[in-house]
$ cat entry-v6.cif   # mmCIF, C-alpha atoms and all ligand atoms
data_data
loop_
_atom_site.label_atom_id
_atom_site.label_comp_id
_atom_site.auth_asym_id
_atom_site.auth_seq_id
_atom_site.Cartn_x
_atom_site.Cartn_y
_atom_site.Cartn_z
CA MET A 656 -24.51 17.93 1.91
CA THR A 657 -25.07 19.21 -1.60
CA THR A 658 -26.80 17.80 -4.64
CA ARG A 659 -24.90 16.74 -7.73
CA ASP A 660 -26.38 19.70 -9.65
CA GLU A 661 -25.13 22.09 -6.97
CA ARG A 662 -21.66 20.56 -7.15
CA VAL A 663 -21.56 20.77 -10.94
CA LYS A 664 -22.24 24.50 -10.60
CA ALA A 665 -19.76 24.96 -7.74
CA ALA A 666 -17.01 23.22 -9.72
CA GLU A 667 -17.68 25.43 -12.72
CA VAL A 668 -17.60 28.62 -10.61
CA ALA A 669 -14.33 27.40 -9.02
CA GLY A 670 -12.79 26.94 -12.47
CA TYR A 671 -12.38 23.20 -11.76
CA ASN A 672 -9.81 24.03 -9.11
CA THR A 673 -10.63 22.44 -5.74
CA PHE A 674 -8.66 25.23 -3.98
CA LEU A 675 -11.31 27.67 -5.16
CA LEU A 676 -14.32 25.81 -3.75
CA LYS A 677 -16.09 27.15 -0.68
CA SER A 678 -15.62 24.76 2.23
CA GLU A 679 -19.37 24.82 2.93
CA ASP A 680 -19.83 23.14 -0.44
CA VAL A 681 -17.49 20.30 0.57
CA TYR A 682 -18.65 17.12 2.33
CA ILE A 683 -15.40 15.33 3.22
CA ASP A 684 -12.39 17.58 2.93
CA LEU A 685 -9.20 15.79 1.86
CA LEU A 686 -7.68 18.84 0.16
CA THR A 687 -4.76 18.90 2.57
CA ASP A 688 -3.54 17.78 5.98
CA SER A 689 -2.11 21.27 6.51
CA GLY A 690 -3.70 23.16 9.39
CA THR A 691 -6.79 20.96 9.14
CA SER A 692 -6.14 18.63 12.06
CA ALA A 693 -8.19 18.69 15.27
CA MET A 694 -6.43 20.07 18.32
CA SER A 695 -6.66 18.04 21.53
CA ASP A 696 -8.27 19.16 24.79
CA ARG A 697 -4.76 19.84 26.11
CA GLN A 698 -3.94 22.05 23.13
CA TRP A 699 -7.21 23.98 23.50
CA SER A 700 -6.39 24.47 27.17
CA GLY A 701 -3.01 25.81 26.10
CA LEU A 702 -4.78 28.57 24.18
CA MET A 703 -6.05 29.88 27.53
CA LEU A 704 -2.51 30.21 28.80
CA GLY A 705 -1.45 32.69 26.14
CA ASP A 706 1.11 35.19 27.38
CA GLU A 707 0.55 37.94 24.84
CA ALA A 708 3.53 40.06 25.81
CA TYR A 709 5.14 41.52 22.70
CA ALA A 710 8.55 40.25 23.75
CA GLY A 711 9.78 37.24 25.71
CA SER A 712 6.40 35.51 26.07
CA ARG A 713 6.63 32.45 28.31
CA ASN A 714 4.92 30.48 25.55
CA PHE A 715 7.96 31.07 23.33
CA TYR A 716 10.22 29.45 25.91
CA ASN A 717 7.83 26.49 26.25
CA LEU A 718 7.90 26.13 22.49
CA GLU A 719 11.68 26.39 22.33
CA LYS A 720 12.03 23.73 25.04
CA ALA A 721 9.56 21.34 23.33
CA MET A 722 11.42 21.68 20.01
CA GLN A 723 14.79 21.12 21.68
CA ASP A 724 13.51 18.10 23.65
CA ILE A 725 11.97 16.33 20.66
CA TYR A 726 14.18 17.41 17.75
CA GLY A 727 17.40 18.52 19.41
CA TYR A 728 18.17 21.59 17.29
CA LYS A 729 19.78 24.35 19.32
CA HIS A 730 18.05 27.53 18.12
CA LEU A 731 14.42 28.19 17.25
CA ILE A 732 13.13 31.05 15.14
CA PRO A 733 9.31 30.95 15.05
CA THR A 734 7.38 31.78 11.86
CA HIS A 735 3.72 31.93 10.94
CA GLN A 736 4.10 28.81 8.76
CA GLY A 737 6.63 26.70 6.88
CA ARG A 738 7.21 28.81 3.79
CA ALA A 739 8.42 31.75 5.88
CA ALA A 740 11.18 29.52 7.25
CA GLU A 741 11.97 28.39 3.69
CA HIS A 742 12.19 32.00 2.61
CA MET A 743 14.70 32.83 5.36
CA ILE A 744 16.99 29.83 4.92
CA SER A 745 17.00 30.31 1.13
CA GLN A 746 17.82 34.03 1.37
CA ILE A 747 20.56 33.42 3.93
CA LEU A 748 22.36 30.46 2.34
CA ILE A 749 21.78 30.65 -1.42
CA ASN A 750 23.80 32.84 -3.80
CA GLU A 751 22.91 33.57 -7.44
CA GLY A 752 23.94 30.60 -9.59
CA ASP A 753 23.91 28.01 -6.77
CA PHE A 754 22.41 24.53 -7.04
CA ILE A 755 20.23 22.96 -4.38
CA PRO A 756 19.86 19.19 -4.56
CA GLY A 757 16.85 17.65 -2.87
CA ASN A 758 14.86 14.43 -2.56
CA MET A 759 12.15 15.70 -4.90
CA TYR A 760 10.89 19.25 -5.21
CA PHE A 761 8.22 20.78 -3.05
CA THR A 762 6.27 23.69 -4.56
CA THR A 763 7.00 26.47 -2.05
CA THR A 764 10.49 25.16 -1.19
CA ARG A 765 11.66 25.22 -4.80
CA LEU A 766 10.10 28.62 -5.47
CA HIS A 767 12.00 30.17 -2.54
CA GLN A 768 15.23 28.55 -3.75
CA GLU A 769 14.63 30.02 -7.21
CA ILE A 770 13.73 33.48 -5.89
CA ALA A 771 17.06 33.44 -3.99
CA GLY A 772 18.91 32.73 -7.28
CA GLY A 773 19.31 28.97 -6.94
CA THR A 774 18.37 26.04 -9.14
CA PHE A 775 16.76 22.95 -7.64
CA VAL A 776 18.20 19.58 -8.72
CA ASP A 777 16.27 16.37 -8.10
CA VAL A 778 18.50 13.67 -6.58
CA ILE A 779 15.84 11.29 -5.28
CA ILE A 780 16.06 7.62 -6.30
CA SER A 781 14.34 6.87 -9.62
CA GLU A 782 11.85 4.51 -7.93
CA ALA A 783 10.23 7.60 -6.35
CA HIS A 784 8.99 8.65 -9.80
CA ASP A 785 7.35 5.28 -10.41
CA PRO A 786 3.95 4.85 -8.70
CA THR A 787 4.19 1.06 -9.03
CA SER A 788 7.64 0.56 -7.48
CA LEU A 789 7.34 -1.11 -4.08
CA HIS A 790 10.64 0.28 -2.77
CA PRO A 791 10.04 0.69 0.99
CA PHE A 792 12.01 3.96 1.21
CA LYS A 793 11.16 5.91 -1.92
CA GLY A 794 12.33 9.10 -0.19
CA ASP A 795 15.96 7.93 -0.33
CA VAL A 796 18.58 10.02 -2.08
CA ASP A 797 20.42 8.51 -5.04
CA LEU A 798 24.01 8.99 -3.89
CA ASP A 799 25.35 8.71 -7.46
CA LYS A 800 23.10 11.58 -8.57
CA PHE A 801 24.29 13.67 -5.61
CA GLN A 802 27.97 12.86 -6.30
CA LYS A 803 27.51 13.65 -10.01
CA LEU A 804 26.14 17.09 -9.14
CA ILE A 805 29.10 17.77 -6.83
CA ASP A 806 31.53 16.66 -9.57
CA GLU A 807 29.83 18.71 -12.29
CA LYS A 808 29.06 21.96 -10.44
CA GLY A 809 31.60 21.95 -7.62
CA ALA A 810 30.78 21.71 -3.92
CA ASP A 811 31.24 25.48 -3.52
CA LYS A 812 28.17 26.00 -5.72
CA ILE A 813 26.04 23.78 -3.46
CA PRO A 814 25.30 25.52 -0.14
CA TYR A 815 23.09 22.74 1.11
CA ILE A 816 21.13 19.65 0.25
CA CYS A 817 17.46 19.80 1.20
CA ILE A 818 16.23 16.54 2.68
CA ALA A 819 12.51 16.10 3.21
CA THR A 820 11.20 13.42 5.54
CA ALA A 821 8.01 11.63 4.36
CA VAL A 822 8.39 13.19 0.90
CA ASN A 823 5.13 14.87 0.04
CA MET A 824 5.25 15.06 -3.75
CA CYS A 825 5.85 11.35 -4.33
CA GLY A 826 3.16 10.17 -1.95
CA GLY A 827 4.41 10.74 1.60
CA GLN A 828 7.28 8.30 1.08
CA PRO A 829 9.85 7.92 3.86
CA ILE A 830 13.62 8.22 3.72
CA SER A 831 15.60 5.55 5.59
CA LEU A 832 18.08 6.33 8.32
CA ALA A 833 20.68 4.20 6.56
CA ASN A 834 20.41 6.47 3.52
CA MET A 835 20.30 9.67 5.56
CA ARG A 836 23.52 8.72 7.30
CA LEU A 837 25.31 8.30 3.95
CA VAL A 838 23.84 11.54 2.56
CA SER A 839 24.91 13.44 5.65
CA GLU A 840 28.45 12.04 5.44
CA MET A 841 28.75 12.85 1.74
CA ALA A 842 27.41 16.37 2.23
CA HIS A 843 29.52 17.21 5.27
CA SER A 844 32.75 15.79 3.81
CA ASN A 845 32.22 18.24 0.92
CA GLY A 846 31.41 21.21 3.14
CA ILE A 847 27.73 21.09 2.16
CA LEU A 848 25.07 21.65 4.84
CA VAL A 849 22.03 19.42 5.29
CA VAL A 850 18.74 21.31 5.63
CA HIS A 851 15.85 19.15 6.76
CA ASP A 852 12.29 19.82 5.64
CA MET A 853 10.85 18.15 8.72
CA THR A 854 7.20 18.93 8.09
CA ARG A 855 6.33 15.22 8.45
CA CYS A 856 9.38 13.93 10.33
CA ILE A 857 7.36 12.09 12.97
CA GLU A 858 5.42 10.27 10.26
CA ASN A 859 8.73 9.30 8.67
CA ALA A 860 9.99 8.08 12.06
CA TYR A 861 6.92 5.82 12.31
CA MET A 862 7.77 4.27 8.93
CA ILE A 863 11.36 3.67 10.06
CA LYS A 864 10.13 1.98 13.22
CA ASP A 865 7.65 -0.03 11.15
CA HIS A 866 10.05 -1.37 8.54
CA GLU A 867 13.70 -0.32 8.73
CA GLU A 868 15.90 -3.06 10.10
CA GLY A 869 17.12 -2.43 13.63
CA TYR A 870 14.53 0.18 14.64
CA ALA A 871 11.48 -1.86 15.72
CA ASP A 872 12.34 -1.46 19.41
CA LYS A 873 13.32 2.22 19.29
CA SER A 874 10.84 4.89 20.29
CA ILE A 875 9.49 7.51 17.88
CA THR A 876 11.45 10.18 19.75
CA GLU A 877 14.70 8.22 19.62
CA ILE A 878 14.34 7.75 15.87
CA THR A 879 13.37 11.39 15.38
CA ARG A 880 16.48 12.56 17.23
CA GLU A 881 18.66 10.26 15.17
CA ILE A 882 17.24 11.80 11.97
CA CYS A 883 17.67 15.39 13.16
CA ASP A 884 21.20 14.82 14.49
CA LEU A 885 22.31 14.08 10.91
CA THR A 886 21.20 17.52 9.76
CA ASP A 887 22.25 21.13 10.41
CA ALA A 888 19.01 23.07 10.16
CA ALA A 889 15.32 22.45 9.64
CA THR A 890 12.27 24.19 8.24
CA MET A 891 8.97 23.23 9.78
CA SER A 892 5.37 23.67 8.80
CA SER A 893 3.76 22.86 12.13
CA LYS A 894 0.38 22.74 10.42
CA LYS A 895 1.11 19.07 9.66
CA ASP A 896 2.83 16.79 12.23
CA HIS A 897 2.32 19.28 15.07
CA LEU A 898 -1.47 19.25 15.04
CA VAL A 899 -2.00 23.00 15.02
CA ASN A 900 -3.97 25.15 12.63
CA ILE A 901 -1.19 27.68 12.11
CA GLY A 902 2.51 27.92 12.95
CA GLY A 903 6.00 26.86 12.00
CA PHE A 904 9.64 27.62 12.57
CA LEU A 905 13.21 27.53 11.42
CA ALA A 906 15.54 25.53 13.66
CA VAL A 907 19.33 25.70 13.35
CA ASN A 908 22.42 24.56 15.21
CA ASP A 909 24.94 27.18 14.10
CA PRO A 910 24.73 30.33 16.31
CA GLU A 911 25.80 32.64 13.46
CA LEU A 912 23.08 31.28 11.21
CA ALA A 913 20.61 31.72 14.08
CA ASP A 914 21.63 35.37 14.45
CA LYS A 915 21.12 35.99 10.74
CA ALA A 916 17.68 34.37 10.86
CA ARG A 917 16.68 36.30 13.99
CA ASN A 918 17.69 39.47 12.19
CA MET A 919 15.65 38.54 9.17
CA VAL A 920 12.53 37.37 10.99
CA VAL A 921 11.90 40.88 12.36
CA VAL A 922 11.66 42.15 8.77
CA TYR A 923 9.12 39.64 7.52
CA GLU A 924 7.32 37.98 10.45
CA GLY A 925 7.70 39.75 13.80
CA LEU A 926 10.01 39.72 16.81
CA HIS A 927 12.16 36.59 17.19
CA THR A 928 10.15 35.50 20.24
CA TYR A 929 6.87 35.25 18.34
CA GLY A 930 7.62 35.27 14.59
CA GLY A 931 4.07 35.78 13.39
CA MET A 932 2.30 33.69 16.02
CA ALA A 933 0.25 34.78 19.02
CA GLY A 934 1.48 33.57 22.41
CA ARG A 935 -1.51 31.21 22.62
CA ASP A 936 -0.65 29.70 19.23
CA MET A 937 2.87 28.99 20.47
CA GLU A 938 1.50 27.25 23.57
CA ALA A 939 -0.81 24.99 21.52
CA LEU A 940 2.14 24.25 19.24
CA ALA A 941 4.47 23.39 22.13
CA ILE A 942 1.88 20.88 23.35
CA GLY A 943 1.33 19.51 19.81
CA ILE A 944 5.06 18.88 19.36
CA ARG A 945 5.00 16.50 22.31
CA GLU A 946 1.65 14.89 21.47
CA CYS A 947 2.51 14.06 17.88
CA ALA A 948 5.47 11.96 18.99
CA GLU A 949 3.25 9.65 21.05
CA TYR A 950 3.28 6.21 19.47
CA GLU A 951 -0.47 5.58 19.83
CA HIS A 952 -1.26 8.79 18.00
CA ILE A 953 1.15 8.39 15.10
CA ARG A 954 0.25 4.74 14.65
CA ALA A 955 -3.48 5.55 14.42
CA ARG A 956 -2.73 8.36 12.00
CA VAL A 957 -0.62 6.43 9.51
CA GLU A 958 -2.72 3.27 9.78
CA GLN A 959 -5.85 5.24 8.88
CA VAL A 960 -4.13 6.34 5.70
CA ARG A 961 -3.16 2.73 5.01
CA TYR A 962 -6.77 1.65 5.59
CA LEU A 963 -8.00 3.84 2.75
CA GLY A 964 -5.06 2.82 0.56
CA ALA A 965 -5.71 -0.89 1.06
CA LYS A 966 -9.39 -0.44 0.29
CA LEU A 967 -8.71 1.33 -3.01
CA ASP A 968 -5.90 -1.01 -3.98
CA GLY A 969 -8.13 -3.99 -3.26
CA GLU A 970 -10.65 -2.63 -5.80
CA GLY A 971 -7.97 -2.29 -8.47
CA ILE A 972 -7.82 1.54 -8.36
CA PRO A 973 -4.37 2.74 -9.51
CA ILE A 974 -2.65 4.35 -6.52
CA VAL A 975 0.93 5.14 -5.52
CA LYS A 976 2.39 2.18 -3.69
CA PRO A 977 3.46 1.55 -1.02
CA VAL A 978 0.86 3.77 0.64
CA GLY A 979 2.61 6.73 2.28
CA THR A 980 2.05 8.57 5.52
CA HIS A 981 -0.36 11.47 5.03
CA GLY A 982 -2.61 10.54 2.16
CA VAL A 983 -3.48 8.16 -0.62
CA PHE A 984 -2.34 9.32 -4.04
CA LEU A 985 -4.28 8.27 -7.14
CA ASP A 986 -2.28 7.65 -10.30
CA ALA A 987 -4.26 9.95 -12.61
CA ARG A 988 -2.14 9.04 -15.63
CA LYS A 989 -3.44 5.47 -15.39
CA PHE A 990 -6.88 6.37 -14.06
CA LEU A 991 -7.60 8.69 -17.02
CA ASP A 992 -5.34 7.08 -19.60
CA HIS A 993 -7.33 8.62 -22.47
CA LEU A 994 -6.05 12.13 -21.55
CA ASP A 995 -2.76 13.76 -22.53
CA GLN A 996 -0.71 15.18 -19.63
CA ASP A 997 -1.23 18.70 -21.01
CA GLN A 998 -4.96 18.17 -20.51
CA PHE A 999 -4.18 17.98 -16.78
CA PRO A 1000 -5.66 14.58 -15.91
CA ALA A 1001 -5.03 14.92 -12.16
CA GLN A 1002 -6.76 18.32 -12.07
CA ALA A 1003 -9.68 16.90 -14.03
CA LEU A 1004 -9.92 13.84 -11.78
CA ALA A 1005 -9.94 15.90 -8.57
CA ALA A 1006 -12.80 18.00 -9.99
CA GLU A 1007 -14.71 14.87 -11.06
CA ILE A 1008 -14.41 13.29 -7.61
CA TYR A 1009 -15.77 16.48 -6.07
CA ILE A 1010 -18.72 16.50 -8.49
CA ASP A 1011 -19.44 12.85 -7.75
CA SER A 1012 -19.60 13.04 -3.96
CA GLY A 1013 -18.46 16.37 -2.49
CA VAL A 1014 -15.12 14.80 -1.50
CA ARG A 1015 -12.40 17.41 -2.02
CA ALA A 1016 -8.96 16.20 -3.12
CA MET A 1017 -6.14 18.08 -4.86
CA GLU A 1018 -3.89 17.87 -7.89
CA ARG A 1019 -0.21 17.00 -7.57
CA GLY A 1020 0.99 16.77 -11.15
CA ASN A 1021 1.50 18.96 -14.19
CA VAL A 1022 -0.33 21.96 -12.71
CA SER A 1023 1.56 21.84 -9.38
CA ALA A 1024 4.92 21.40 -11.15
CA GLY A 1025 4.43 24.70 -13.04
CA ARG A 1026 6.50 25.84 -16.01
CA GLY A 1027 10.23 25.33 -16.45
CA PRO A 1028 12.69 28.09 -17.47
CA ASP A 1029 11.76 27.39 -21.13
CA GLY A 1030 8.15 28.37 -20.38
CA GLU A 1031 6.80 24.88 -21.03
CA ASN A 1032 4.77 22.79 -18.59
CA ARG A 1033 7.24 20.66 -16.63
CA LYS A 1034 5.20 17.47 -17.15
CA PRO A 1035 6.49 15.57 -14.12
CA PRO A 1036 6.59 11.77 -14.25
CA LEU A 1037 4.04 11.66 -11.40
CA GLU A 1038 0.54 12.86 -12.26
CA LEU A 1039 -1.33 12.38 -9.00
CA VAL A 1040 -4.48 13.26 -7.10
CA ARG A 1041 -3.82 13.52 -3.38
CA LEU A 1042 -6.48 12.37 -0.93
CA THR A 1043 -4.91 13.93 2.14
CA ILE A 1044 -6.21 12.90 5.52
CA PRO A 1045 -6.42 15.48 8.31
CA ARG A 1046 -5.29 14.16 11.70
CA ARG A 1047 -7.85 13.24 14.34
CA VAL A 1048 -10.80 14.43 12.23
CA TYR A 1049 -12.39 11.62 10.24
CA THR A 1050 -13.49 8.07 11.03
CA GLN A 1051 -12.96 4.88 9.01
CA ALA A 1052 -16.61 5.27 7.91
CA HIS A 1053 -15.67 8.52 6.17
CA MET A 1054 -12.85 6.63 4.45
CA ASP A 1055 -15.41 4.10 3.20
CA VAL A 1056 -17.49 6.90 1.66
CA VAL A 1057 -14.38 8.27 -0.04
CA ALA A 1058 -13.47 4.85 -1.43
CA GLU A 1059 -17.01 4.32 -2.77
CA SER A 1060 -16.90 7.64 -4.59
CA ILE A 1061 -13.52 6.90 -6.18
CA MET A 1062 -14.85 3.54 -7.39
CA GLU A 1063 -17.91 5.24 -8.83
CA VAL A 1064 -15.73 7.69 -10.77
CA TYR A 1065 -13.48 4.83 -11.90
CA ASP A 1066 -16.50 3.11 -13.43
CA HIS A 1067 -17.23 6.06 -15.74
CA ARG A 1068 -13.63 7.29 -16.12
CA GLY A 1069 -13.76 7.22 -19.94
CA LYS A 1070 -16.27 10.10 -19.89
CA VAL A 1071 -14.06 12.50 -17.90
CA LYS A 1072 -12.87 15.40 -20.05
CA GLY A 1073 -9.47 17.10 -19.90
CA LEU A 1074 -8.99 20.75 -18.90
CA GLU A 1075 -7.37 23.89 -20.30
CA PHE A 1076 -6.39 27.08 -18.49
CA THR A 1077 -8.66 30.11 -18.49
CA TYR A 1078 -6.45 31.86 -15.91
CA GLU A 1079 -2.87 31.01 -14.97
CA PRO A 1080 -1.16 32.91 -12.15
CA GLU A 1081 2.60 33.51 -12.19
CA TYR A 1082 3.53 31.84 -8.90
CA LEU A 1083 2.37 28.50 -7.46
CA ARG A 1084 -0.31 28.34 -10.11
CA PHE A 1085 -2.10 25.33 -8.64
CA PHE A 1086 -3.51 27.45 -5.81
CA GLN A 1087 -5.44 29.96 -7.91
CA ALA A 1088 -5.59 28.79 -11.55
CA LYS A 1089 -8.91 28.41 -13.34
CA PHE A 1090 -9.80 25.94 -16.08
CA LYS A 1091 -12.54 24.89 -18.46
CA PRO A 1092 -13.17 21.47 -19.97
CA THR A 1093 -11.49 20.86 -23.31
CA ALA A 1094 -13.86 20.56 -26.27
C1 LIG A 1101 6.86 19.17 2.54
C2 LIG A 1101 6.38 20.56 2.79
N1 LIG A 1101 7.27 21.56 2.91
C3 LIG A 1101 6.87 22.82 3.11
C4 LIG A 1101 5.55 23.17 3.20
C5 LIG A 1101 5.17 24.61 3.35
O1 LIG A 1101 4.59 24.85 4.56
P1 LIG A 1101 3.42 25.95 4.77
O2 LIG A 1101 2.25 25.51 3.97
O3 LIG A 1101 3.18 25.91 6.25
O4 LIG A 1101 3.94 27.27 4.34
C6 LIG A 1101 4.59 22.16 3.09
C7 LIG A 1101 3.15 22.46 3.21
O5 LIG A 1101 2.42 22.77 2.36
C8 LIG A 1101 5.02 20.82 2.86
O6 LIG A 1101 4.13 19.82 2.73
#

$ encode --input "entry-v6.cif" --output "structure tokens"
Amino acid sequence: MTTRDERVKAAEVAGYNTFLLKSEDVYIDLLTDSGTSAMSDRQWSGLMLGDEAYAGSRNFYNLEKAMQDIYGYKHLIPTHQGRAAEHMISQILINEGDFIPGNMYFTTTRLHQEIAGGTFVDVIISEAHDPTSLHPFKGDVDLDKFQKLIDEKGADKIPYICIATAVNMCGGQPISLANMRLVSEMAHSNGILVVHDMTRCIENAYMIKDHEEGYADKSITEITREICDLTDAATMSSKKDHLVNIGGFLAVNDPELADKARNMVVVYEGLHTYGGMAGRDMEALAIGIRECAEYEHIRARVEQVRYLGAKLDGEGIPIVKPVGTHGVFLDARKFLDHLDQDQFPAQALAAEIYIDSGVRAMERGNVSAGRGPDGENRKPPLELVRLTIPRRVYTQAHMDVVAESIMEVYDHRGKVKGLEFTYEPEYLRFFQAKFKPTA
């Protein structure tokens, strides 16, 4: 634990960016659920079974089999984490001048699409941009927006639509199977592929089981397979659903696409039977793929998130509703309604929460969205602070401490100052930017 004075200093040294804090200065770490989960005894045992052969490690085949059993994609190309898979699929499928529709942007996903010469187009339903809308499937695609893009740009300019499950940037909001079926039909009838960002697919499957009509009696694995069968390829950051600290992959059905990816992975990651992971990492991942689909686990995980959400909502704290799967998202625009969006209210609020209690959250708003082609801040409709909950790490008592701190900050919210950049990196600025309080 640290004192308030120590945290004031630490925040200043970190340029009011929670990514730049030292973890030893953090008390409860809700920065991200990425790579921060606790591995199980079975996963730790898997580390002892590492077959560290350069080529053809038996752990690769265990991993391939686990992925095929749970998700059903035919070919697996391992990577060190999700963005490497995004890089490959973007480079392989996107040509200069293409358009990539998606159910809301994700930071690394969009950047890789842009680097490959594409332009991301948001086709998520409008409710997703409204923190107060109670739509149960805010991850759904607006089919009219998708059709309009096809009509305006031509299907030949759209190599694929990127569909995320449990959409991160709008609060971990699920997409429904009913909507996915229609999206898949519309895409395929126009010769457009469906690429699935399945980072939190299991969490999405839990939401479908919980509240989509007709799925209450289906298992998490049955629902997961139904989702994946509607898509052609998937990028995976295994650091989330799969309960490992590092790892990921690209999964595809088309053998030609698989060959291209296997050829590319040797340039950037390593041989196609390890792709940047040690054999032991692949074994822990293979075990995690099966564990995360267990109902008892996924229920406990999502319900813990809901516990914190209900507590904050009950105290009148403005949060994104309904509560999503991997974290509770504070509506910083409402929380700090005296600040302009170009004073980065979500960034300022995350820093203030840290100073109050040592709880580390992160910004998901104007800083994360970056600058548009005109050089201006994108000013997204959602200006959020994400309290992301690692899996199998914290207790409900920790959640109570977090809630108390947020309430404390809410009580003196009028005193929180906005921020301005002192350093702004070119790519993914939210990771490394530094700020100072505005005068
Ligand atoms: C939805 C989504 N897609 C892609 C990624 C990128 O994965 P990684 O951080 O493993 O590179 C992340 C994680 O940050 C994510 O949440």

$ closest_residue --input "entry-v6.cif" --among "A:His730, A:Lys915, A:Lys1034, A:Lys864" --to "A:Leu832" --atoms "all atoms listed in the file"
A:Lys864

$ closest_residue --input "entry-v6.cif" --among "A:Phe904, A:Tyr716, A:Trp699, A:Tyr726" --to "ligand LIG 1101 (chain A)" --atoms "only C-alpha atoms and all ligand atoms"
A:Phe904

$ residues_near_ligand --input "entry-v6.cif" --ligand "ligand LIG 1101 (chain A)" --cutoff "10 Å" --atoms "only C-alpha atoms and all ligand atoms" --output "number ranges by chain"
A: 687-690, 734-742, 759-765, 818-824, 827, 851-856, 890-895, 900-904, 981

$ residues_around --input "entry-v6.cif" --residues "A:Glu938" --least-positions-apart "6" --cutoff "12 Å" --atoms "only C-alpha atoms" --output "ChimeraX atom specification"
/A:694,697-707,712-722,897,899,901-902,929,932,944-945

$ write_last_selection --input "entry-v6.cif" --atoms "C-alpha atoms" --output "mmCIF file, keeping the file's coordinate frame"
data_model
loop_
_atom_site.group_PDB
_atom_site.id
_atom_site.type_symbol
_atom_site.label_atom_id
_atom_site.label_comp_id
_atom_site.auth_asym_id
_atom_site.auth_seq_id
_atom_site.Cartn_x
_atom_site.Cartn_y
_atom_site.Cartn_z
ATOM 1 C CA MET A 694 -6.430 20.070 18.320
ATOM 2 C CA ARG A 697 -4.760 19.840 26.110
ATOM 3 C CA GLN A 698 -3.940 22.050 23.130
ATOM 4 C CA TRP A 699 -7.210 23.980 23.500
ATOM 5 C CA SER A 700 -6.390 24.470 27.170
ATOM 6 C CA GLY A 701 -3.010 25.810 26.100
ATOM 7 C CA LEU A 702 -4.780 28.570 24.180
ATOM 8 C CA MET A 703 -6.050 29.880 27.530
ATOM 9 C CA LEU A 704 -2.510 30.210 28.800
ATOM 10 C CA GLY A 705 -1.450 32.690 26.140
ATOM 11 C CA ASP A 706 1.110 35.190 27.380
ATOM 12 C CA GLU A 707 0.550 37.940 24.840
ATOM 13 C CA SER A 712 6.400 35.510 26.070
ATOM 14 C CA ARG A 713 6.630 32.450 28.310
ATOM 15 C CA ASN A 714 4.920 30.480 25.550
ATOM 16 C CA PHE A 715 7.960 31.070 23.330
ATOM 17 C CA TYR A 716 10.220 29.450 25.910
ATOM 18 C CA ASN A 717 7.830 26.490 26.250
ATOM 19 C CA LEU A 718 7.900 26.130 22.490
ATOM 20 C CA GLU A 719 11.680 26.390 22.330
ATOM 21 C CA LYS A 720 12.030 23.730 25.040
ATOM 22 C CA ALA A 721 9.560 21.340 23.330
ATOM 23 C CA MET A 722 11.420 21.680 20.010
ATOM 24 C CA HIS A 897 2.320 19.280 15.070
ATOM 25 C CA VAL A 899 -2.000 23.000 15.020
ATOM 26 C CA ILE A 901 -1.190 27.680 12.110
ATOM 27 C CA GLY A 902 2.510 27.920 12.950
ATOM 28 C CA TYR A 929 6.870 35.250 18.340
ATOM 29 C CA MET A 932 2.300 33.690 16.020
ATOM 30 C CA ILE A 944 5.060 18.880 19.360
ATOM 31 C CA ARG A 945 5.000 16.500 22.310
#

$ closest_residue --input "entry-v6.cif" --among "A:Val960, A:Ala833, A:Val922, A:Glu1075" --to "A:Phe984" --atoms "all atoms listed in the file"
A:Val960

$ closest_residue --input "entry-v6.cif" --among "A:Asp896, A:Ser839, A:Leu940, A:Pro733" --to "A:Tyr923" --atoms "all atoms listed in the file"
A:Pro733

$ decode --input "entry-v6.cif" --residues "stretch 1055-1076 of chain A" --atoms "C-alpha atoms" --output "mmCIF file, in the first residue's frame"
data_model
loop_
_atom_site.group_PDB
_atom_site.id
_atom_site.type_symbol
_atom_site.label_atom_id
_atom_site.label_comp_id
_atom_site.auth_asym_id
_atom_site.auth_seq_id
_atom_site.Cartn_x
_atom_site.Cartn_y
_atom_site.Cartn_z
ATOM 1 C CA ASP A 1055 -16.084 -3.284 -2.480
ATOM 2 C CA VAL A 1056 -12.853 -1.325 -1.988
ATOM 3 C CA VAL A 1057 -12.956 -0.246 -5.636
ATOM 4 C CA ALA A 1058 -16.577 0.883 -5.336
ATOM 5 C CA GLU A 1059 -15.818 2.881 -2.173
ATOM 6 C CA SER A 1060 -12.984 4.701 -3.912
ATOM 7 C CA ILE A 1061 -15.121 5.580 -6.938
ATOM 8 C CA MET A 1062 -17.798 6.973 -4.617
ATOM 9 C CA GLU A 1063 -15.193 9.019 -2.790
ATOM 10 C CA VAL A 1064 -13.966 10.525 -6.060
ATOM 11 C CA TYR A 1065 -17.565 11.140 -7.154
ATOM 12 C CA ASP A 1066 -18.119 13.209 -4.022
ATOM 13 C CA HIS A 1067 -15.348 15.663 -4.937
ATOM 14 C CA ARG A 1068 -15.643 15.344 -8.730
ATOM 15 C CA GLY A 1069 -16.015 19.113 -9.258
ATOM 16 C CA LYS A 1070 -12.396 19.606 -8.135
ATOM 17 C CA VAL A 1071 -10.862 17.264 -10.731
ATOM 18 C CA LYS A 1072 -8.859 19.176 -13.329
ATOM 19 C CA GLY A 1073 -8.591 18.385 -17.040
ATOM 20 C CA LEU A 1074 -5.340 17.376 -18.747
ATOM 21 C CA GLU A 1075 -3.213 18.471 -21.691
ATOM 22 C CA PHE A 1076 -0.497 16.554 -23.531
#
